[in-house]
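Structure file my_file_17.cif (mmCIF, C-alpha atoms) is printed below.
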```cif
data_my_file
loop_
_atom_site.label_atom_id
_atom_site.label_comp_id
_atom_site.auth_asym_id
_atom_site.auth_seq_id
_atom_site.Cartn_x
_atom_site.Cartn_y
_atom_site.Cartn_z
CA MET G 256 34.27 -57.25 -28.19
CA LEU G 257 31.06 -59.07 -29.12
CA SER G 258 32.92 -61.40 -31.44
CA HIS G 259 35.38 -62.23 -28.66
CA ILE G 260 32.61 -62.90 -26.15
CA GLY G 261 30.75 -65.04 -28.67
CA ASP G 262 33.84 -67.15 -29.28
CA GLU G 263 34.35 -67.63 -25.56
CA TRP G 264 30.75 -68.64 -25.03
CA GLN G 265 30.73 -71.19 -27.85
CA GLY G 266 34.03 -72.58 -26.62
CA GLY G 267 32.74 -73.01 -23.11
CA ALA G 268 35.45 -70.78 -21.71
CA ALA G 269 35.06 -67.68 -19.62
CA ALA G 270 31.86 -66.12 -20.90
CA THR G 271 28.48 -67.69 -20.21
CA LEU G 272 25.48 -67.48 -22.48
CA ALA G 273 23.97 -64.97 -20.13
CA GLN G 274 27.05 -62.79 -20.14
CA ALA G 275 27.20 -62.83 -23.93
CA TYR G 276 23.54 -61.89 -24.01
CA VAL G 277 24.00 -59.00 -21.66
CA ALA G 278 27.07 -57.75 -23.51
CA ALA G 279 25.19 -57.81 -26.79
CA ARG G 280 22.24 -55.99 -25.25
CA VAL G 281 24.47 -53.30 -23.81
CA ALA G 282 26.18 -52.89 -27.19
CA GLU G 283 22.81 -52.62 -28.92
CA ASP G 284 21.66 -49.89 -26.54
CA ALA G 285 24.89 -47.96 -27.00
CA LEU G 286 24.68 -48.24 -30.76
CA ALA G 287 21.05 -47.16 -30.82
CA ARG G 288 22.00 -44.02 -28.89
CA ILE G 289 24.87 -43.31 -31.29
CA ALA G 290 22.62 -43.92 -34.28
CA ALA G 291 19.98 -41.60 -32.84
CA GLN G 292 22.55 -38.84 -32.42
CA ALA G 293 24.05 -39.28 -35.87
CA GLN G 294 21.12 -39.26 -38.28
CA PRO G 295 22.23 -40.06 -41.80
CA THR G 296 22.14 -37.15 -44.23
CA PRO G 297 19.63 -37.27 -47.07
CA SER G 298 22.42 -37.88 -49.59
CA ILE G 299 23.72 -40.88 -47.63
CA GLU G 300 20.19 -42.16 -47.18
CA ALA G 301 19.66 -42.02 -50.90
CA THR G 302 22.66 -44.26 -51.53
CA LYS G 303 21.38 -47.07 -49.27
CA GLY G 304 18.38 -48.98 -50.42
CA PRO G 305 15.64 -50.87 -48.62
CA VAL G 306 16.50 -54.26 -47.15
CA VAL G 307 14.44 -56.91 -45.41
CA ILE G 308 15.55 -58.81 -42.30
CA GLY G 309 13.97 -61.42 -40.05
CA ASN G 310 14.46 -64.68 -38.20
CA ILE G 311 13.72 -67.76 -40.24
CA GLU G 312 10.71 -69.99 -39.61
CA ASP G 313 10.77 -71.56 -36.12
CA ASP G 314 13.53 -69.26 -34.87
CA PHE G 315 12.73 -66.90 -32.00
CA HIS G 316 16.18 -65.63 -31.06
CA ALA G 317 15.65 -61.96 -31.77
CA LEU G 318 18.71 -60.33 -30.29
CA GLY G 319 21.16 -60.89 -33.14
CA ARG G 320 18.64 -59.79 -35.73
CA LYS G 321 17.84 -56.65 -33.76
CA MET G 322 21.52 -55.81 -33.55
CA VAL G 323 21.95 -56.26 -37.30
CA GLY G 324 18.98 -53.96 -37.85
CA THR G 325 20.49 -51.34 -35.58
CA PHE G 326 23.85 -51.44 -37.38
CA LEU G 327 22.20 -51.30 -40.81
CA ARG G 328 20.05 -48.31 -39.88
CA ALA G 329 23.09 -46.57 -38.44
CA ASP G 330 24.75 -47.10 -41.83
CA GLY G 331 21.86 -45.50 -43.69
CA TRP G 332 19.89 -48.51 -44.88
CA ILE G 333 16.10 -48.55 -44.83
CA VAL G 334 15.42 -51.67 -42.76
CA HIS G 335 12.16 -53.60 -42.88
CA ASP G 336 12.33 -55.93 -39.88
CA LEU G 337 9.78 -58.76 -40.13
CA GLY G 338 10.52 -60.15 -36.65
CA ASN G 339 10.72 -63.78 -35.55
CA ASP G 340 9.54 -67.00 -37.20
CA VAL G 341 9.09 -65.59 -40.69
CA LEU G 342 7.90 -67.81 -43.54
CA PRO G 343 9.87 -67.88 -46.81
CA ALA G 344 7.05 -66.41 -48.90
CA THR G 345 6.67 -63.52 -46.44
CA PHE G 346 10.34 -62.59 -46.84
CA VAL G 347 10.10 -62.58 -50.63
CA ASP G 348 6.74 -60.80 -50.76
CA LYS G 349 8.08 -58.00 -48.57
CA ALA G 350 11.32 -57.71 -50.56
CA LEU G 351 9.34 -57.31 -53.79
CA GLU G 352 6.93 -54.87 -52.17
CA VAL G 353 9.65 -52.49 -50.94
CA GLY G 354 12.12 -53.04 -53.76
CA ALA G 355 14.80 -54.69 -51.64
CA ARG G 356 17.73 -56.38 -53.32
CA VAL G 357 18.94 -58.06 -50.12
CA ILE G 358 17.18 -60.25 -47.58
CA GLY G 359 19.00 -60.81 -44.29
CA VAL G 360 17.90 -63.94 -42.49
CA SER G 361 18.96 -64.97 -39.00
CA ALA G 362 19.04 -68.32 -37.21
CA MET G 363 20.52 -69.24 -33.86
CA MET G 364 20.57 -73.03 -34.02
CA LEU G 365 21.45 -75.59 -36.66
CA THR G 366 17.91 -76.95 -36.86
CA THR G 367 16.39 -73.59 -37.66
CA ALA G 368 19.29 -72.56 -39.92
CA ARG G 369 18.41 -75.47 -42.18
CA ASN G 370 14.95 -73.95 -42.65
CA ILE G 371 16.71 -71.22 -44.65
CA ARG G 372 16.94 -73.68 -47.53
CA ARG G 373 13.22 -73.17 -48.07
CA LEU G 374 13.75 -69.43 -48.44
CA ARG G 375 16.48 -70.11 -50.99
CA GLU G 376 14.08 -72.36 -52.87
CA GLU G 377 11.37 -69.69 -52.75
CA ILE G 378 13.70 -67.08 -54.23
CA ASP G 379 14.78 -69.44 -56.98
CA ARG G 380 11.25 -70.70 -57.65
CA ARG G 381 10.07 -67.14 -58.33
CA GLY G 382 12.90 -66.54 -60.78
CA LEU G 383 14.63 -64.03 -58.49
CA THR G 384 18.00 -65.77 -58.34
CA GLY G 385 20.74 -63.18 -58.52
CA ARG G 386 18.25 -60.31 -58.37
CA LEU G 387 17.48 -60.96 -54.71
CA GLN G 388 20.58 -61.68 -52.62
CA LEU G 389 20.38 -63.73 -49.44
CA ALA G 390 22.53 -62.74 -46.44
CA VAL G 391 22.55 -65.37 -43.70
CA GLY G 392 23.76 -65.01 -40.13
CA GLY G 393 23.41 -66.02 -36.50
CA ALA G 394 25.44 -67.79 -33.87
CA VAL G 395 25.43 -71.16 -35.59
CA PHE G 396 27.09 -69.79 -38.74
CA ARG G 397 30.09 -68.74 -36.71
CA VAL G 398 30.75 -72.27 -35.54
CA CYS G 399 29.70 -74.30 -38.60
CA PRO G 400 31.98 -73.37 -41.51
CA GLY G 401 30.26 -73.82 -44.87
CA LEU G 402 26.77 -73.77 -43.40
CA ASP G 403 26.04 -70.47 -45.18
CA ARG G 404 26.58 -72.15 -48.56
CA GLU G 405 24.81 -75.34 -47.46
CA VAL G 406 21.58 -73.41 -46.78
CA GLY G 407 21.88 -71.40 -49.98
CA GLY G 408 23.16 -68.11 -48.65
CA ASP G 409 24.89 -65.62 -50.94
CA GLY G 410 27.04 -64.36 -48.08
CA THR G 411 27.48 -64.16 -44.34
CA ALA G 412 29.17 -61.92 -41.81
CA GLY G 413 31.14 -62.82 -38.72
CA SER G 414 29.24 -60.41 -36.51
CA ALA G 415 26.51 -57.79 -36.60
CA LEU G 416 29.25 -55.17 -36.92
CA ASP G 417 30.15 -56.59 -40.34
CA ALA G 418 26.57 -56.69 -41.61
CA PRO G 419 26.57 -53.26 -43.34
CA ALA G 420 29.61 -54.18 -45.43
CA LEU G 421 28.07 -57.52 -46.37
CA PHE G 422 24.78 -55.90 -47.37
CA ALA G 423 26.64 -53.30 -49.45
CA THR G 424 28.53 -56.03 -51.28
CA LEU G 425 25.40 -58.06 -51.93
CA TRP G 426 23.45 -54.96 -53.00
CA GLN G 427 26.08 -54.26 -55.65
CA LYS G 428 26.14 -57.90 -56.66
CA ALA G 429 22.37 -58.05 -57.15
CA VAL G 430 21.21 -57.81 -60.72
CA PRO G 431 18.74 -54.90 -60.89
CA PRO G 432 15.34 -55.75 -62.44
CA GLU G 433 15.93 -53.55 -65.50
CA ALA G 434 19.13 -55.44 -66.32
CA LYS G 435 17.29 -58.74 -66.63
CA PRO G 436 16.88 -59.97 -70.20
CA MET Q 22 11.52 -102.12 -27.65
CA ASN Q 23 14.80 -104.07 -27.67
CA SER Q 24 15.08 -107.36 -29.48
CA PRO Q 25 16.80 -110.16 -27.51
CA THR Q 26 20.00 -109.85 -29.55
CA ALA Q 27 20.10 -106.10 -29.93
CA PRO Q 28 22.17 -103.93 -27.67
CA SER Q 29 20.05 -102.14 -25.14
CA THR Q 30 19.35 -98.43 -25.26
CA VAL Q 31 20.46 -95.77 -22.81
CA MET Q 32 18.52 -92.54 -22.63
CA VAL Q 33 20.80 -89.54 -22.11
CA CYS Q 34 18.47 -86.85 -20.90
CA CYS Q 35 18.69 -83.22 -19.84
CA SER Q 36 17.82 -82.91 -16.17
CA ILE Q 37 15.23 -80.27 -17.07
CA PHE Q 38 12.96 -83.25 -17.88
CA ARG Q 39 13.88 -85.45 -14.92
CA ALA Q 40 10.52 -85.34 -13.15
CA GLU Q 41 8.52 -85.69 -16.36
CA VAL Q 42 10.63 -88.50 -17.79
CA GLU Q 43 10.54 -90.39 -14.49
CA ALA Q 44 6.74 -90.07 -14.49
CA LEU Q 45 6.57 -91.35 -18.05
CA ARG Q 46 9.12 -94.10 -17.55
CA ARG Q 47 7.00 -96.03 -15.08
CA ALA Q 48 4.22 -96.47 -17.63
CA ASN Q 49 6.18 -96.49 -20.87
CA TRP Q 50 9.81 -97.58 -20.60
CA PRO Q 51 10.25 -99.21 -17.19
CA ASP Q 52 13.47 -100.99 -18.19
CA LEU Q 53 15.19 -98.11 -19.95
CA GLU Q 54 18.37 -96.87 -18.30
CA ILE Q 55 18.48 -93.10 -18.06
CA ARG Q 56 21.55 -90.95 -17.46
CA TYR Q 57 20.61 -87.38 -16.61
CA GLN Q 58 22.96 -84.48 -17.33
CA THR Q 59 22.56 -81.22 -15.48
CA SER Q 60 20.61 -78.58 -17.37
CA MET Q 61 23.00 -75.90 -16.15
CA LEU Q 62 25.45 -77.04 -18.83
CA HIS Q 63 23.30 -75.04 -21.25
CA MET Q 64 24.79 -71.88 -19.86
CA GLN Q 65 28.03 -72.86 -21.59
CA PRO Q 66 27.43 -74.81 -24.82
CA GLY Q 67 31.08 -75.83 -25.08
CA LEU Q 68 30.87 -77.64 -21.77
CA LEU Q 69 27.55 -79.22 -22.74
CA ALA Q 70 29.11 -80.49 -25.99
CA GLU Q 71 32.09 -81.88 -24.09
CA ARG Q 72 29.88 -83.70 -21.58
CA LEU Q 73 27.61 -85.18 -24.23
CA ASP Q 74 30.62 -86.32 -26.23
CA GLN Q 75 31.93 -88.16 -23.18
CA VAL Q 76 28.63 -89.77 -22.24
CA VAL Q 77 27.78 -90.89 -25.77
CA ALA Q 78 31.27 -92.32 -26.27
CA GLN Q 79 30.99 -94.22 -23.00
CA VAL Q 80 27.59 -95.71 -23.87
CA ARG Q 81 28.74 -96.71 -27.35
CA GLN Q 82 31.84 -98.35 -25.88
CA GLU Q 83 29.47 -100.46 -23.82
CA GLY Q 84 27.96 -101.62 -27.12
CA ARG Q 85 24.68 -99.89 -26.41
CA ARG Q 86 22.52 -97.44 -28.34
CA VAL Q 87 21.88 -93.85 -27.33
CA LEU Q 88 18.69 -91.84 -27.23
CA LEU Q 89 19.45 -88.18 -26.63
CA VAL Q 90 16.52 -86.32 -25.08
CA TYR Q 91 17.61 -82.82 -25.99
CA GLY Q 92 16.58 -79.94 -28.17
CA ASP Q 93 19.02 -78.37 -30.62
CA CYS Q 94 21.02 -77.18 -27.64
CA CYS Q 95 24.59 -77.12 -28.99
CA ARG Q 96 26.31 -77.71 -32.27
CA GLN Q 97 27.78 -81.03 -31.17
CA LEU Q 98 24.36 -82.65 -31.08
CA ALA Q 99 24.20 -82.76 -34.89
CA ALA Q 100 27.50 -84.64 -35.02
CA LEU Q 101 26.43 -87.04 -32.29
CA GLU Q 102 23.10 -87.90 -33.85
CA SER Q 103 24.81 -88.69 -37.14
CA LEU Q 104 26.63 -91.58 -35.42
CA PRO Q 105 25.28 -95.12 -35.89
CA GLY Q 106 23.10 -96.13 -32.99
CA VAL Q 107 22.49 -92.58 -31.80
CA VAL Q 108 19.28 -90.59 -32.23
CA ARG Q 109 17.95 -87.35 -30.80
CA THR Q 110 14.39 -86.37 -30.07
CA ARG Q 111 12.86 -83.98 -32.59
CA GLY Q 112 12.21 -80.46 -31.35
CA ASN Q 113 14.21 -77.27 -31.14
CA ASN Q 114 14.15 -76.88 -27.37
CA CYS Q 115 12.64 -78.30 -24.21
CA CYS Q 116 9.62 -75.98 -24.16
CA GLN Q 117 8.74 -76.85 -27.73
CA MET Q 118 9.07 -80.54 -26.86
CA LEU Q 119 6.52 -80.09 -24.08
CA LEU Q 120 4.08 -77.87 -25.95
CA GLY Q 121 4.37 -79.14 -29.49
CA ARG Q 122 5.50 -76.95 -32.37
CA ASP Q 123 2.25 -75.12 -33.08
CA GLU Q 124 1.49 -74.09 -29.52
CA TYR Q 125 5.09 -73.14 -28.88
CA ARG Q 126 5.05 -70.87 -31.94
CA ARG Q 127 1.71 -69.34 -30.99
CA LEU Q 128 2.83 -68.47 -27.47
CA SER Q 129 6.24 -67.28 -28.61
CA HIS Q 130 4.59 -64.81 -30.96
CA GLU Q 131 2.74 -63.46 -27.93
CA GLY Q 132 6.09 -62.67 -26.34
CA VAL Q 133 6.05 -65.45 -23.78
CA PHE Q 134 9.15 -66.31 -21.76
CA PHE Q 135 8.73 -69.93 -20.72
CA LEU Q 136 9.56 -71.33 -17.31
CA ILE Q 137 9.95 -74.98 -16.31
CA HIS Q 138 10.06 -76.10 -12.71
CA GLU Q 139 13.74 -77.02 -12.47
CA TRP Q 140 14.74 -73.70 -14.03
CA VAL Q 141 12.36 -71.73 -11.82
CA HIS Q 142 14.09 -73.07 -8.72
CA ARG Q 143 17.35 -71.70 -10.13
CA TRP Q 144 16.04 -68.38 -11.40
CA ARG Q 145 17.95 -66.35 -8.84
CA GLU Q 146 21.21 -68.14 -9.62
CA VAL Q 147 20.72 -67.59 -13.36
CA PHE Q 148 19.66 -63.96 -13.23
CA SER Q 149 21.70 -62.71 -10.33
CA VAL Q 150 24.82 -64.87 -10.38
CA GLN Q 151 25.19 -66.00 -14.00
CA LEU Q 152 23.69 -62.91 -15.60
CA GLY Q 153 24.79 -60.48 -12.94
CA LEU Q 154 21.55 -58.53 -13.18
CA ASN Q 155 19.96 -56.42 -10.50
CA PRO Q 156 16.15 -56.03 -10.42
CA ASP Q 157 16.27 -52.80 -12.44
CA ASN Q 158 18.25 -54.02 -15.42
CA ALA Q 159 16.63 -57.48 -15.30
CA SER Q 160 13.30 -55.78 -15.63
CA SER Q 161 14.51 -53.64 -18.53
CA LEU Q 162 16.04 -56.59 -20.35
CA MET Q 163 13.10 -58.94 -19.93
CA GLN Q 164 10.46 -56.34 -20.78
CA ASP Q 165 12.37 -55.46 -23.92
CA MET Q 166 12.22 -59.03 -25.18
CA HIS Q 167 9.06 -60.50 -23.61
CA ARG Q 168 5.51 -59.70 -22.52
CA LYS Q 169 4.84 -62.28 -19.83
CA LEU Q 170 6.19 -65.33 -18.03
CA VAL Q 171 4.39 -68.63 -18.54
CA TYR Q 172 5.11 -71.55 -16.24
CA LEU Q 173 4.58 -74.90 -17.92
CA ASP Q 174 2.85 -77.03 -15.30
CA THR Q 175 3.30 -80.67 -16.27
CA GLY Q 176 1.48 -81.80 -13.15
CA VAL Q 177 4.26 -84.01 -11.82
CA VAL Q 178 5.60 -81.57 -9.26
CA PRO Q 179 3.81 -78.87 -7.27
CA VAL Q 180 3.72 -75.45 -8.89
CA PRO Q 181 6.47 -73.40 -7.20
CA GLU Q 182 4.30 -70.34 -6.74
CA ALA Q 183 6.60 -68.53 -4.34
CA TYR Q 184 9.52 -68.81 -6.77
CA LEU Q 185 7.30 -67.70 -9.65
CA ARG Q 186 6.14 -64.63 -7.77
CA GLU Q 187 9.69 -63.69 -6.89
CA CYS Q 188 10.95 -64.25 -10.44
CA ALA Q 189 8.09 -62.28 -11.98
CA ALA Q 190 8.65 -59.38 -9.59
CA TYR Q 191 12.36 -59.42 -10.42
CA CYS Q 192 11.62 -59.35 -14.16
CA GLY Q 193 8.76 -56.89 -13.90
CA LEU Q 194 6.50 -59.13 -15.99
CA PRO Q 195 3.12 -60.73 -15.32
CA TRP Q 196 3.06 -64.49 -14.93
CA GLU Q 197 0.63 -67.31 -15.38
CA VAL Q 198 0.53 -71.07 -15.02
CA ARG Q 199 -0.29 -73.16 -18.06
CA PRO Q 200 -1.16 -76.85 -17.62
CA VAL Q 201 0.70 -79.03 -20.10
CA ALA Q 202 0.12 -82.73 -20.69
CA LEU Q 203 3.09 -85.01 -21.26
CA ASP Q 204 1.72 -86.28 -24.57
CA HIS Q 205 4.10 -84.32 -26.79
CA LEU Q 206 7.17 -85.32 -24.77
CA ARG Q 207 6.13 -88.97 -24.70
CA ALA Q 208 5.46 -88.89 -28.45
CA ALA Q 209 8.85 -87.30 -29.13
CA ILE Q 210 10.65 -90.00 -27.14
CA ASN Q 211 8.62 -92.82 -28.68
CA GLU Q 212 9.26 -91.46 -32.17
CA ALA Q 213 13.00 -91.34 -31.49
CA LEU Q 214 12.96 -94.88 -30.09
CA ALA Q 215 11.15 -96.02 -33.24
CA ARG Q 216 13.90 -94.49 -35.36
CA LEU Q 217 16.49 -96.35 -33.33
CA ALA Q 218 14.58 -99.58 -33.85
CA SER Q 219 14.29 -99.01 -37.60
CA GLU Q 220 17.99 -98.23 -37.79
CA GLU Q 221 18.68 -101.56 -36.14
CA LEU Q 222 16.63 -103.34 -38.80
CA ARG Q 223 18.52 -101.73 -41.68
CA PRO Q 224 21.08 -104.01 -43.34
#
```
Can you dump the structure from the file as C-alpha cells?
Amino acid sequence: MLSHIGDEWQGGAAATLAQAYVAARVAEDALARIAAQAQPTPSIEATKGPVVIGNIEDDFHALGRKMVGTFLRADGWIVHDLGNDVLPATFVDKALEVGARVIGVSAMMLTTARNIRRLREEIDRRGLTGRLQLAVGGAVFRVCPGLDREVGGDGTAGSALDAPALFATLWQKAVPPEAKP
Amino acid sequence: MNSPTAPSTVMVCCSIFRAEVEALRRANWPDLEIRYQTSMLHMQPGLLAERLDQVVAQVRQEGRRVLLVYGDCCRQLAALESLPGVVRTRGNNCCQMLLGRDEYRRLSHEGVFFLIHEWVHRWREVFSVQLGLNPDNASSLMQDMHRKLVYLDTGVVPVPEAYLRECAAYCGLPWEVRPVALDHLRAAINEALARLASEELRP
C-alpha cells in the first residue's frame, strides 16, 4: 500500500504528499501495535544482531527512518536509532561501539542523499570496507535508479517493508572481524 | 549582471518567496524578470516537476538564462540545473535558505516546525483539505514529530498572528515568532547569479 501511495505521490497523480505522509504514519502506528503484541522470542532475538540507523547529515525527514526502525525491531533486530542529521563519524563510531555489521542511512532528497558519500568514505577510510555494510534508502532512491551505487551504498530496499530482508542479506554479506586477515 | 551581448536572465521563483524577493528586487535586481510558480505545487512533486520543465523550456527557447529559486524540492530540479544556462540557488529548502544552514540545523534539532507567511495563510487548506486531518489527529501527528511552531518573520509582511494562533491550537503545539533578515536569501540568489555569470564566461 505504502509503495503504491509513494509511486502516486512522486508521479503527481492521485496521492498528495500529505496523504502519503498520513498513510505512512497510520501504517507505522499499526505496525508498532503489532510489534508490541508479538515480542520476539529470545532465540529469534539472538539470531538478529545490532544495527545502526539514522538520517544522513542535513536530512531531517524522520518518518521513513522511523518506519524502517519499527519494521526492523518487529523482525527481531536490535536497532540503535541515531535520529536526524547524523555525521558520518557518528554512524561509524556507534556501529563499532555496539558491534553492528550494518548501518542503515536514510535521505529524502537528492541533495542530502549525496552526503552519504562521506559516510562511505568514512567507512573505507577506517578500513571497514566489507566488514561494515551500508544500506541506503529514502524517497529519492525510489525515483533515481542507480543512486544507491552512486553514493556508495551496498544495497537498498524499495520500501520500509523490505528493510528487514535487506539487512539480513547485508548482515550475512559482512565479513566478521575475526575473519579479517 | 548581464553583459550587453549576453542573453538576459529570468528568475523562476517559488511563490513562497514572493514578498521577500520583491522586497529584495527593488534594491538588488531591479531589471530582473521574475516568474513566480505557486508553492502549492509542492504538494505533488510530479506536478511541480512538470511545471518547472515547461517554464525552463520556455525561457531557454527565448534564448535566455534561468535562475531557479528553489530548494531541492523535486527530483527534476537536478536535471534542470545540469542544463547550460540554468542554475539553482543552493539550499535544501526554503526555510534553510532564509535561516542559513547552521541556524536551520540548530532549530530543527530542537524539533521546530517552520512556518512562512504564505503557507500560514493556507494552513487550514493544507491540514484540513489536503491532509484530511481533524484537530485531534493533527495534534497527535504534529506532536509526534515536532516540539513547537516557529514563524519566520522576514519583516516584509505583517505577522499573521490570528492565523498562527489558529494553526497552533489545531496542532496542539506552542508557537513563537522569529525575526529573520533577508541576508541569507539575498546571498543565495547573488551566489547563483554569479555562477550563471561565470558559466557565461567559460569557453
> How far is it from atom CA of Cys95 of chain Q to atom CA of Tyr57 of chain Q, in Å with one decimal?
Replying inline: 16.6 Å
Per residue of chain Q within 6 Å of chain G, note the shortest atom pair and the distance in Å to one decimal, counting all atoms listed in the file, and order the rows by chain and increasing residue number, as JSON lines.
```
{"residue": "Q:Met64", "atom": "CA", "partner": "G:Leu272", "partner_atom": "CA", "distance": 5.2}
{"residue": "Q:Gln65", "atom": "CA", "partner": "G:Gly267", "partner_atom": "CA", "distance": 5.0}
{"residue": "Q:Pro66", "atom": "CA", "partner": "G:Gln265", "partner_atom": "CA", "distance": 5.8}
{"residue": "Q:Gly67", "atom": "CA", "partner": "G:Gly267", "partner_atom": "CA", "distance": 3.8}
{"residue": "Q:Leu68", "atom": "CA", "partner": "G:Gly267", "partner_atom": "CA", "distance": 5.2}
{"residue": "Q:Leu152", "atom": "CA", "partner": "G:Ala273", "partner_atom": "CA", "distance": 5.0}
```
>> Distance cut-off 9 Å, centre (19.5, -63.2, -58.7) in file coordinates, counting all atoms listed in the file: which residues qualify? Return them as a list in words.
In response: Arg356, Ile378, Asp379, Gly382, Leu383, Thr384, Gly385, Arg386, Leu387, Gln388, Lys428, Ala429, Val430 and Pro431 of chain G
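Atom CA of Gly319 of chain G is positioned 8.5 Å from atom CA of Gly392 of chain G.
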> Within 10 Å of (29.8, -84.5, -27.0), in the coordinates the file gives, what residues turn up when you count only C-alpha atoms, written out as a VMD selection string?
Replying inline: chain Q and resid 67 to 78 95 to 101
For C-alpha atoms, I'd like the residues from the last selection saved as a CSV table (one decimal), in the frame of the given file.
```
chain,number,residue,atom,x,y,z
Q,67,GLY,CA,31.1,-75.8,-25.1
Q,68,LEU,CA,30.9,-77.6,-21.8
Q,69,LEU,CA,27.6,-79.2,-22.7
Q,70,ALA,CA,29.1,-80.5,-26.0
Q,71,GLU,CA,32.1,-81.9,-24.1
Q,72,ARG,CA,29.9,-83.7,-21.6
Q,73,LEU,CA,27.6,-85.2,-24.2
Q,74,ASP,CA,30.6,-86.3,-26.2
Q,75,GLN,CA,31.9,-88.2,-23.2
Q,76,VAL,CA,28.6,-89.8,-22.2
Q,77,VAL,CA,27.8,-90.9,-25.8
Q,78,ALA,CA,31.3,-92.3,-26.3
Q,95,CYS,CA,24.6,-77.1,-29.0
Q,96,ARG,CA,26.3,-77.7,-32.3
Q,97,GLN,CA,27.8,-81.0,-31.2
Q,98,LEU,CA,24.4,-82.6,-31.1
Q,99,ALA,CA,24.2,-82.8,-34.9
Q,100,ALA,CA,27.5,-84.6,-35.0
Q,101,LEU,CA,26.4,-87.0,-32.3
```
>> Applying the PyMOL selection byres ((chain Q and resi 34) around 6) to the file I just gave you, which residues come out? Please list them as a list in words.
In response: Met32, Val33, Cys35, Tyr57, Leu89 and Val90 of chain Q
>> Show me, as number ranges by chain, the residues that have an atom within 7 Å of Glu54 of chain Q when counting only C-alpha atoms, minus same-chain residues fewer than 2 positions from it.
In response: Q: 31-32, 52, 56
Selection from above, C-alpha atoms, as a PDB file, keeping the file's coordinate frame, can you write it?
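That gives us again-v3.pdb:
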```
ATOM      1  CA  VAL Q  31      20.460 -95.770 -22.810  1.00  0.00           C
ATOM      2  CA  MET Q  32      18.520 -92.540 -22.630  1.00  0.00           C
ATOM      3  CA  ASP Q  52      13.470-100.990 -18.190  1.00  0.00           C
ATOM      4  CA  ARG Q  56      21.550 -90.950 -17.460  1.00  0.00           C
TER       5      ARG Q  56
END
```
Compile the contact shell of segment 419-425 of chain G as a PDB file with C-alpha atoms, in the frame of the given file: residues with an atom at most 8 Å away, counting only C-alpha atoms, same-chain residues fewer than 3 positions apart removed.
```pdb
ATOM      1  CA  PHE G 326      23.850 -51.440 -37.380  1.00  0.00           C
ATOM      2  CA  LEU G 327      22.200 -51.300 -40.810  1.00  0.00           C
ATOM      3  CA  ASP G 330      24.750 -47.100 -41.830  1.00  0.00           C
ATOM      4  CA  ARG G 356      17.730 -56.380 -53.320  1.00  0.00           C
ATOM      5  CA  VAL G 357      18.940 -58.060 -50.120  1.00  0.00           C
ATOM      6  CA  GLN G 388      20.580 -61.680 -52.620  1.00  0.00           C
ATOM      7  CA  LEU G 389      20.380 -63.730 -49.440  1.00  0.00           C
ATOM      8  CA  ALA G 390      22.530 -62.740 -46.440  1.00  0.00           C
ATOM      9  CA  ASP G 409      24.890 -65.620 -50.940  1.00  0.00           C
ATOM     10  CA  GLY G 410      27.040 -64.360 -48.080  1.00  0.00           C
ATOM     11  CA  THR G 411      27.480 -64.160 -44.340  1.00  0.00           C
ATOM     12  CA  ALA G 412      29.170 -61.920 -41.810  1.00  0.00           C
ATOM     13  CA  LEU G 416      29.250 -55.170 -36.920  1.00  0.00           C
ATOM     14  CA  LYS G 428      26.140 -57.900 -56.660  1.00  0.00           C
ATOM     15  CA  ALA G 429      22.370 -58.050 -57.150  1.00  0.00           C
TER      16      ALA G 429
END
```
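Pairwise distance (atom CA of Val341 of chain G, atom CA of Asn310 of chain G) equals 6.0 Å.
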>> Running the PyMOL selection byres ((chain Q and resi 176) around 12) on this model by hand, what would come out? Give it as a ChimeraX atom specification.
In response: /Q:40-41,44-45,137-138,172-175,177-181,198-203
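Take the candidates Q:Cys94, Q:Leu53, Q:Ala208, Q:Leu214 and check each one against Leu119 of chain Q using only C-alpha atoms; the shortest distance goes to Q:Ala208.
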>> Report as an NGL selection string all protein, DNA and RNA residues lying within 9 Å of Lys349 of chain G, evaluated on all atoms listed in the file, omitting residues in the same chain fewer than 6 positions from it.
In response: :G and (307 or 335 or 337 or 355)
> the PyMOL selection byres ((chain G and resi 346) around 8) on the file shown: which residues, as a list of chain:residue names?
Replying inline: G:Val307, G:Ile308, G:Gly309, G:Leu337, G:Val341, G:Leu342, G:Pro343, G:Ala344, G:Thr345, G:Val347, G:Asp348, G:Lys349, G:Ala350, G:Ile358, G:Leu374
Residues from last step as file, C-alpha atoms, as a PDB file, keeping the file's coordinate frame:
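Generated file (out-v4.pdb):
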```pdb
ATOM      1  CA  VAL G 307      14.440 -56.910 -45.410  1.00  0.00           C
ATOM      2  CA  ILE G 308      15.550 -58.810 -42.300  1.00  0.00           C
ATOM      3  CA  GLY G 309      13.970 -61.420 -40.050  1.00  0.00           C
ATOM      4  CA  LEU G 337       9.780 -58.760 -40.130  1.00  0.00           C
ATOM      5  CA  VAL G 341       9.090 -65.590 -40.690  1.00  0.00           C
ATOM      6  CA  LEU G 342       7.900 -67.810 -43.540  1.00  0.00           C
ATOM      7  CA  PRO G 343       9.870 -67.880 -46.810  1.00  0.00           C
ATOM      8  CA  ALA G 344       7.050 -66.410 -48.900  1.00  0.00           C
ATOM      9  CA  THR G 345       6.670 -63.520 -46.440  1.00  0.00           C
ATOM     10  CA  VAL G 347      10.100 -62.580 -50.630  1.00  0.00           C
ATOM     11  CA  ASP G 348       6.740 -60.800 -50.760  1.00  0.00           C
ATOM     12  CA  LYS G 349       8.080 -58.000 -48.570  1.00  0.00           C
ATOM     13  CA  ALA G 350      11.320 -57.710 -50.560  1.00  0.00           C
ATOM     14  CA  ILE G 358      17.180 -60.250 -47.580  1.00  0.00           C
ATOM     15  CA  LEU G 374      13.750 -69.430 -48.440  1.00  0.00           C
TER      16      LEU G 374
END
```
> If we count all atoms listed in the file, what is near Leu136 of chain Q at a cut-off of 9 Å, once residues fewer than 4 positions away on the same chain are taken out, given as a list in words?
Replying inline: Cys116, Trp140, Val141, Leu170, Val171, Tyr172, Leu173 and Leu185 of chain Q
> Leaving out Ser60 of chain Q and any residue of its chain fewer than 2 positions from it, which residues lie within 8 Å of it when counting only C-alpha atoms, given as a PyMOL selection string?
Replying inline: chain Q and resi 35-37+58+62-63
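Comparing Q:Asp204, Q:Glu221, Q:Glu102, Q:Glu197 by their smallest distance to Phe134 of chain Q, the closest is Q:Glu197 (using all atoms listed in the file).
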